[in-house]
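A short worksheet on the structure shown next.
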Amino acid sequence: MVKPGRAQIRYATGGIFMGRHLSIIVIMPDYAKLSLNGAIAKLPVFKGTEGERGIDIRELRDRTGLITLDPSYANTGSCTSDITFIDGERGILRYRGMPIEELARKSTFLETSYLLIYGSLPTAKDLKEFTTNVTRHTLLHEDLKNFFSNYPITAHPMAILSAMVCSLSSYYAETLIARTPEELNLNIARLIAKVPTVAAFSYKKSIGQPFVYPHNSHSYTANFLQMMFAVPAEEYKVDKDVERALEILLILHADHEQNCSTSTVRLVGSSQANLFASIAAGVCALWGRLHGGANAEVMDMLERIRHDGGDVKKYIDLVKTKKNKIRLMGFGHRVYKNYDPRASIIKNACHKLLRKLHIDDELLDIAIQLENAALHDPYFLERHLYPNVDFYSGLIYRAMGIPTNMFTVMFALGRLPGWIAHWKEMRGDPGMKIGRPRQIYTGPTLNHYKPLAQRR
């Protein structure tokens with residue numbers, strides 16, 4: 001819930017803007033008053049429950065003819081939300097007010113999903129019903145197997161995942177619009193249930209192995225691991241430590257406020273596109289190298305170090321001198337100016353799993369050396385370049401046997417409940433309007449058509 005606060009700060013400035021007199025008076029945190037050639041816009045300043053403040057500019061253009069310009073929306077709040085709170089300076093992440101540390105230690109992925117989507121932790125009855133609904137919808141329609149057979153073996157799993165999520169909508173036409181809460185809840189359960197099956201099938205397709213069907217006796221994460229790594233020729237037993245590490249990873253990735261893919265889901269959903277189409281759009285946004293591909297880039301960096309002789313000190317020196325624009329992937333974060341709270345959680349799970357599995361992997365050895373060097377080097381400490389969640393998640397996925405091209409798919413599995421929660425919150429907002437950003441035009445002025453013969 002957002003509400004106006006009490007005035008505390010006053011700031012005033014003035015000048016000429018495009019030949020017009022412009023003055024701004026900001027009275028924080030009650031309102032900001034902007035005057036342009038006598039036209040005055042009094043803009044409310046809202047305060048969130050955690051003290052965040054924002055100027056409401058919805059009437060700015062109507063009153064002054066001005067819009068704001070904020071490429072990449074780094075300083076623009078596109079919505080209010082009750083779902084996730086982040087304080088990057090203090091390293092805080094909470095889902096519905098609950099610290100991520102508590103959820104990672106005590107909760108399960110399905111329980112956390114329920115919390116994000118429905119706003120509170122479920123009762124025992126609610127959790128059982130939710131878990132049962134998800135479990136009973138893990139199977140895909142048999143016709144969908146034909147989709148997989150027609151993809152080339154080189155198809156990227158994210159290409160398959162996005163297409164298959166959108167294709168699911170064609171199989172549930174009777175509930176697609178979700179006119180009732182029951183129909184919406186059914187579609188939510190279907191998505192959470194079927195996306196792991198789609199992901200595992202896409203992996204099996206890429207390595208030429210037969211699909212392994214889900215089994216209702218397994219937990220959510222164990223079911224996924226079984227579909228990924230079991231083969232019909234022999235028995236497969238899910239390692240409990242691997243299962244728990246995956247559970248923690250999914251919880252840590254379940255939501256992260258208004259990131260690129262979540263904003264995409266909201267923007268697409270604002271057109272009243274169905275839930276399946278909106279989530280498919282989020283998958284495509286996550287596929288981008290600068291968003292969901294970060295942990296894969298960590299593994300690429302480790303490969304480069306190995307191919308160069310495995311000299312970690314040499315690589316760190318190159319980073320510090322900025323030679324050849326060498327960067328340390330998986331360190332630092334755009335939002336967190338301190339330690340990424342998710343990284344401190346997953347670091348312990350990562351080292352525990354590596355010790356348990358006794359994996360002899362040169363890349364993992366290089367990663368541990370890199371981590372130790374960066375955590376003790378003043379250059380990185382002064383710049384708050386701590387290992388982030390992408391650094392450790394890539395190591396855990398590799399230890400589990402998940403290939404690099406599946407890393408972003410794993411991210412999508414975790415982020416799914418967050419996407420659904422934001423879509424549901426947005427669609428339930430009575431003030432929702434279709435998203436339609438403005439622009440500042442910088443192209444040619446009035447220009448007239450010339451016949452082809454007159455063009456030079």
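Residue names in the structure tokens use chain letters A, B, ... in the order shown, residue numbers from 1 in each chain, and ligand numbers from 1 in the order shown.
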(message) For A:Ala374, find every residue with an atom within 9 Å (counting only C-alpha atoms), except residues of its own chain fewer than 2 positions away, and show them as a PyMOL selection string.
(response) chain A and resi 316+331+369-372+376-381+385-387
Could you give me, as a Markdown table, a per-residue list for stretch 318-431 of chain A showing, wherever an atom lies at most 7 Å from an atom of stretch 263-270 of chain A, the closest pair of atoms and their distance in Å to one decimal, using only C-alpha atoms and sorting by chain then residue number from low to high?
```
| residue | atom | partner | partner_atom | distance |
| --- | --- | --- | --- | --- |
| A:Trp419 | CA | A:Val265 | CA | 6.5 |
| A:His422 | CA | A:Arg266 | CA | 6.7 |
| A:Trp423 | CA | A:Arg266 | CA | 5.6 |
| A:Met426 | CA | A:Arg266 | CA | 6.8 |
```
Selection export as an mmCIF file, in the first residue's frame, atoms kept: N, CA, C and O atoms:
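Below is the file that was written, out.cif:
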```
data_model
loop_
_atom_site.group_PDB
_atom_site.id
_atom_site.type_symbol
_atom_site.label_atom_id
_atom_site.label_comp_id
_atom_site.auth_asym_id
_atom_site.auth_seq_id
_atom_site.Cartn_x
_atom_site.Cartn_y
_atom_site.Cartn_z
ATOM 1 N N TRP A 419 6.806 -14.214 -12.015
ATOM 2 C CA TRP A 419 6.115 -13.703 -13.205
ATOM 3 C C TRP A 419 4.600 -13.823 -13.045
ATOM 4 O O TRP A 419 3.851 -12.890 -13.335
ATOM 5 N N HIS A 422 3.192 -11.271 -10.514
ATOM 6 C CA HIS A 422 3.107 -9.909 -11.044
ATOM 7 C C HIS A 422 1.999 -9.785 -12.080
ATOM 8 O O HIS A 422 1.291 -8.771 -12.125
ATOM 9 N N TRP A 423 1.845 -10.772 -12.931
ATOM 10 C CA TRP A 423 0.745 -10.758 -13.913
ATOM 11 C C TRP A 423 -0.592 -10.723 -13.189
ATOM 12 O O TRP A 423 -1.482 -9.945 -13.531
ATOM 13 N N MET A 426 -1.129 -7.287 -11.445
ATOM 14 C CA MET A 426 -1.433 -6.245 -12.423
ATOM 15 C C MET A 426 -2.856 -6.373 -12.945
ATOM 16 O O MET A 426 -3.602 -5.391 -13.016
#
```
(request) Just list the residues in stretch 36-274 of chain A DSSP gives strand (DSSP E or B) on the backbone, as a VMD selection string. (result) chain A and resid 36 39 to 47 53 to 55 84 to 87 92 to 95 98 to 99 231 234
(message) Which residues are near stretch 119-136 of chain A? Cut-off 8 Å, only C-alpha atoms, ignore same chain within fewer than 3 positions. Put them as a PyMOL selection string.
(response) chain A and resi 83+96+110-112+114-116+139+186+189-190+192-193+216+220
(request) Apply DSSP to the structure's backbone, then extract all residues of stretch 156-316 of chain A labelled alpha helix (DSSP H) and return them as a PyMOL selection string. (result) chain A and resi 157-168+181-207+220-229+240-252+260-269+275-286+294-307+312-316
(message) Report, in Å to a single decimal, how far apart atom CA of A:Ala273 and atom CA of A:Gly77 are.
(response) 22.1 Å
(message) Excluding A:Arg438 and its own-chain neighbours fewer than 5 positions away, which residues fall within 10 Å of it when counting only C-alpha atoms? Please give them as a list in words.
(response) Ile67, Thr68 and Leu69 of chain A
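Distances to A:Asp87 were evaluated for A:Pro99, A:Ser113, A:Arg179, A:Asp317 using only C-alpha atoms, and the minimum falls at A:Pro99.
Using only C-alpha atoms, the shortest contact distance between A:Thr262 and any of A:Val335, A:Met329, A:Met406, A:Ala280 is found at A:Ala280.
You will find atom CA of A:His358 at 24.1 Å from atom CA of A:Ala104.
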(request) Excluding stretch 207-211 of chain A and any residue of its chain fewer than 5 positions from it, enumerate the residues within 10 Å of it, using only C-alpha atoms, and give them as a count of residues only. (result) 13
